[in-house]
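Colleague: Before I ask anything, here is the structure I am working with.
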Amino acid sequence: MADDEHAHCTQRAYLYLARDVETGPPPYSADELRLMSFDPDEVTRLVGLRPTRAGQRGLWRFSDWKYELAEVMTYETEEVVTSLLDAIEPYAGGIAEACATLGMRAGINVVIEMHGDRNGLSTAAITYSAHTLKRLARLDVTVDHDQYVYLPDV
């Protein structure tokens with residue numbers, strides 16, 4: 001098998017809800033950790049969507065609520081984001097209610113992992129159509145892209 005057959009890009013995206021508080025950078029103080037704490041069951045009740053991962057402070061360093069789609073092999077980031085939007089848009093009212101009621105913010109995180117070979121690396125296409133940007137704006141979410149590049153040892 002040629003080395004270039006090992007080059008690929010996987011992506012996954014998830015919706016998260018987190019407390020909308022101003023904190024300094026890690027490590028967080030005990031007061032900051034208390035501010036970031038919330039009841040994930042209450043978030044689930046308000047949003048109406050069962051998370052793929054949730055936990056309360058104590059089990060983790062701070063409370064966590066997210067709904068994630070499975071990782072896919074693609075170079076097109078918009079495909080991943082629109083699939084997530086298709087899944088979460090029916091819950092837009094609940095997302096907005098959880099944010100308003102619990103002092104939270106909603107965001108989408110896209111995790112991109114690019115694997116290269118000794119012949120080079122193809123990178124993900126991070127572009128969005130106006131339609132997708134409008135969908136994101138209607139949900140009032142932030143979007144963050146985490147990119148990781150893996151190259152073989154030479």
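Labels used: A, B, ... for chains in the order of the structure tokens, numbers from 1 for residues in each chain, and numbers from 1 for ligands as shown.
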Sort by chain and increasing residue number a table of all residues of region 49-102 of chain A within 12 Å of region 120-138 of chain A, each with its closest pair of atoms and their distance in Å to one decimal, counting only C-alpha atoms, and write it as a Markdown table.
Modeller:
| residue | atom | partner | partner_atom | distance |
| --- | --- | --- | --- | --- |
| A:Met73 | CA | A:Ala124 | CA | 10.6 |
| A:Thr74 | CA | A:Ala124 | CA | 7.8 |
| A:Tyr75 | CA | A:Ala124 | CA | 4.5 |
| A:Glu76 | CA | A:Ala125 | CA | 5.2 |
| A:Thr77 | CA | A:Ile126 | CA | 5.4 |
| A:Glu78 | CA | A:Tyr128 | CA | 5.7 |
| A:Glu79 | CA | A:Tyr128 | CA | 9.3 |
| A:Val80 | CA | A:Ile126 | CA | 10.5 |
| A:Val81 | CA | A:Thr132 | CA | 8.3 |
| A:Thr82 | CA | A:Thr132 | CA | 6.9 |
| A:Ser83 | CA | A:Thr132 | CA | 10.7 |
| A:Leu84 | CA | A:Leu136 | CA | 10.6 |
| A:Leu85 | CA | A:Arg135 | CA | 7.6 |
| A:Asp86 | CA | A:Arg135 | CA | 9.7 |
| A:Ile88 | CA | A:Leu136 | CA | 10.7 |
| A:Glu89 | CA | A:Arg135 | CA | 8.4 |
| A:Pro90 | CA | A:Arg135 | CA | 11.8 |
| A:Tyr91 | CA | A:Arg138 | CA | 12.0 |
| A:Ala92 | CA | A:Arg138 | CA | 8.5 |
| A:Gly93 | CA | A:Arg138 | CA | 10.5 |
| A:Ile95 | CA | A:Arg138 | CA | 11.3 |
| A:Ala96 | CA | A:Arg138 | CA | 10.2 |
Colleague: For Asp153 (chain A), list every protein, DNA or RNA residue within 12 Å, evaluated using only C-alpha atoms, and leave out those in the same chain fewer than 2 positions away; present the list as number ranges by chain.
Modeller: A: 115-118, 150-151
Colleague: If you run DSSP on this backbone, which residues of chain A come out as helix (DSSP H, G or I), and could you give them as number ranges by chain?
Modeller: A: 3-6, 30-36, 40-47, 77-102, 130-139
Colleague: For region 37-49 of chain A, please output as JSON, numbers by chain all residues within 7 Å (counting only C-alpha atoms; exclusion window: fewer than 2 positions along the same chain).
Modeller: {"A": [33, 34, 35, 51, 54, 55, 56, 57, 62, 63, 64, 65, 91, 94, 95, 97, 98]}
Colleague: Keeping all heavy atoms, export the residues of the selection given above as a CSV table (one decimal), in the first residue's frame.
Modeller:
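Writing done, so here's part01.csv:
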chain,number,residue,atom,x,y,z
A,33,LEU,N,-14.7,27.8,39.6
A,33,LEU,CA,-15.3,26.4,39.3
A,33,LEU,C,-16.7,26.4,39.8
A,33,LEU,O,-17.5,25.8,39.1
A,33,LEU,CB,-14.4,25.4,40.1
A,33,LEU,CG,-13.1,25.1,39.5
A,33,LEU,CD1,-12.2,24.2,40.4
A,33,LEU,CD2,-13.2,24.5,38.1
A,34,ARG,N,-17.1,27.0,40.9
A,34,ARG,CA,-18.5,27.1,41.3
A,34,ARG,C,-19.3,27.8,40.3
A,34,ARG,O,-20.4,27.4,40.0
A,34,ARG,CB,-18.6,27.7,42.7
A,34,ARG,CG,-18.5,26.7,43.8
A,34,ARG,CD,-18.9,27.4,45.2
A,34,ARG,NE,-18.1,28.5,45.6
A,34,ARG,CZ,-16.9,28.3,46.1
A,34,ARG,NH1,-16.4,27.1,46.3
A,34,ARG,NH2,-16.1,29.3,46.5
A,35,LEU,N,-18.8,28.9,39.7
A,35,LEU,CA,-19.5,29.6,38.7
A,35,LEU,C,-19.8,28.8,37.5
A,35,LEU,O,-20.8,28.9,36.8
A,35,LEU,CB,-18.8,30.9,38.3
A,35,LEU,CG,-18.8,32.0,39.4
A,35,LEU,CD1,-17.9,33.2,38.9
A,35,LEU,CD2,-20.2,32.6,39.5
A,51,PRO,N,-28.2,14.5,25.7
A,51,PRO,CA,-26.8,14.7,25.4
A,51,PRO,C,-26.1,13.4,25.1
A,51,PRO,O,-26.5,12.3,25.6
A,51,PRO,CB,-26.3,15.4,26.6
A,51,PRO,CG,-27.1,14.9,27.7
A,51,PRO,CD,-28.5,14.7,27.2
A,54,ALA,N,-22.6,14.1,29.4
A,54,ALA,CA,-23.0,15.2,30.4
A,54,ALA,C,-22.4,14.7,31.7
A,54,ALA,O,-22.3,13.5,32.0
A,54,ALA,CB,-24.5,15.3,30.5
A,55,GLY,N,-22.1,15.7,32.5
A,55,GLY,CA,-21.6,15.4,33.8
A,55,GLY,C,-21.6,16.6,34.7
A,55,GLY,O,-21.5,17.7,34.2
A,56,GLN,N,-21.7,16.4,36.0
A,56,GLN,CA,-21.7,17.5,36.9
A,56,GLN,C,-20.4,17.7,37.6
A,56,GLN,O,-19.7,16.7,37.8
A,56,GLN,CB,-22.8,17.3,37.9
A,56,GLN,CG,-23.2,18.5,38.7
A,56,GLN,CD,-24.5,18.4,39.4
A,56,GLN,OE1,-25.2,17.4,39.4
A,56,GLN,NE2,-25.0,19.5,39.9
A,57,ARG,N,-20.1,18.9,38.0
A,57,ARG,CA,-18.9,19.2,38.7
A,57,ARG,C,-18.8,18.3,39.9
A,57,ARG,O,-19.8,18.1,40.6
A,57,ARG,CB,-18.9,20.7,39.1
A,57,ARG,CG,-17.6,21.1,39.8
A,57,ARG,CD,-17.6,22.6,40.1
A,57,ARG,NE,-16.4,22.9,40.8
A,57,ARG,CZ,-16.3,22.8,42.2
A,57,ARG,NH1,-17.3,22.5,42.9
A,57,ARG,NH2,-15.1,23.1,42.7
A,62,PHE,N,-15.4,20.6,35.9
A,62,PHE,CA,-16.6,21.5,35.9
A,62,PHE,C,-17.7,20.8,35.1
A,62,PHE,O,-17.5,19.8,34.4
A,62,PHE,CB,-16.2,22.9,35.2
A,62,PHE,CG,-15.4,22.8,34.0
A,62,PHE,CD1,-16.0,22.7,32.7
A,62,PHE,CD2,-14.0,22.9,34.0
A,62,PHE,CE1,-15.2,22.6,31.6
A,62,PHE,CE2,-13.3,22.8,32.9
A,62,PHE,CZ,-13.9,22.7,31.7
A,63,SER,N,-18.9,21.3,35.2
A,63,SER,CA,-20.0,20.6,34.6
A,63,SER,C,-19.9,20.6,33.1
A,63,SER,O,-19.2,21.5,32.5
A,63,SER,CB,-21.3,21.4,35.0
A,63,SER,OG,-21.5,21.3,36.4
A,64,ASP,N,-20.5,19.6,32.5
A,64,ASP,CA,-20.3,19.4,31.0
A,64,ASP,C,-21.7,19.0,30.4
A,64,ASP,O,-22.4,18.2,31.0
A,64,ASP,CB,-19.3,18.3,30.9
A,64,ASP,CG,-18.9,18.0,29.4
A,64,ASP,OD1,-18.8,18.9,28.6
A,64,ASP,OD2,-18.8,16.8,29.1
A,65,TRP,N,-22.0,19.5,29.2
A,65,TRP,CA,-23.2,19.0,28.5
A,65,TRP,C,-22.9,19.2,27.0
A,65,TRP,O,-22.5,20.3,26.6
A,65,TRP,CB,-24.4,19.9,28.8
A,65,TRP,CG,-25.7,19.3,28.3
A,65,TRP,CD1,-26.6,18.6,29.0
A,65,TRP,CD2,-26.2,19.4,27.0
A,65,TRP,NE1,-27.6,18.2,28.2
A,65,TRP,CE2,-27.4,18.7,26.9
A,65,TRP,CE3,-25.7,20.1,25.8
A,65,TRP,CZ2,-28.2,18.7,25.7
A,65,TRP,CZ3,-26.5,20.0,24.6
A,65,TRP,CH2,-27.7,19.3,24.6
A,91,TYR,N,-34.4,21.7,18.2
A,91,TYR,CA,-34.4,22.0,19.6
A,91,TYR,C,-33.9,23.5,19.9
A,91,TYR,O,-33.5,23.8,21.0
A,91,TYR,CB,-33.4,21.1,20.3
A,91,TYR,CG,-33.8,19.6,20.1
A,91,TYR,CD1,-33.3,18.9,19.1
A,91,TYR,CD2,-34.8,19.1,20.9
A,91,TYR,CE1,-33.7,17.6,18.9
A,91,TYR,CE2,-35.2,17.7,20.7
A,91,TYR,CZ,-34.6,17.0,19.7
A,91,TYR,OH,-35.1,15.7,19.5
A,94,GLY,N,-35.5,25.3,22.9
A,94,GLY,CA,-35.0,24.7,24.2
A,94,GLY,C,-33.5,25.2,24.4
A,94,GLY,O,-33.2,25.5,25.6
A,95,ILE,N,-32.7,25.3,23.4
A,95,ILE,CA,-31.3,25.8,23.5
A,95,ILE,C,-31.4,27.2,24.0
A,95,ILE,O,-30.7,27.6,25.0
A,95,ILE,CB,-30.6,25.6,22.2
A,95,ILE,CG1,-30.4,24.1,21.9
A,95,ILE,CG2,-29.2,26.3,22.3
A,95,ILE,CD1,-29.9,23.9,20.5
A,97,GLU,N,-33.8,28.7,25.5
A,97,GLU,CA,-34.4,28.8,26.9
A,97,GLU,C,-33.4,28.4,28.0
A,97,GLU,O,-33.2,29.0,29.0
A,97,GLU,CB,-35.6,27.9,27.0
A,97,GLU,CG,-36.3,28.0,28.4
A,97,GLU,CD,-37.5,27.1,28.5
A,97,GLU,OE1,-38.0,26.6,27.5
A,97,GLU,OE2,-38.0,27.0,29.6
A,98,ALA,N,-32.6,27.3,27.7
A,98,ALA,CA,-31.5,26.9,28.6
A,98,ALA,C,-30.5,28.1,28.8
A,98,ALA,O,-30.1,28.3,29.9
A,98,ALA,CB,-30.9,25.7,28.1
Colleague: How many Å separate CA of Tyr14 (chain A) from CA of Arg50 (chain A)?
Modeller: 12.8 Å
Colleague: Tell me, which residues of chain A carry DSSP strand (DSSP E or B), written as an MDAnalysis selection string?
Modeller: chainID A and resid 8:19 53:55 57 60 64:68 72:73 76 104:115 117 120 125 142:150
Colleague: To one decimal in Å, tell me the separation between CA of His8 (chain A) and CA of Val143 (chain A).
Modeller: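 According to the coordinates, CA of His8 (chain A) and CA of Val143 (chain A) are separated by 23.0 Å.
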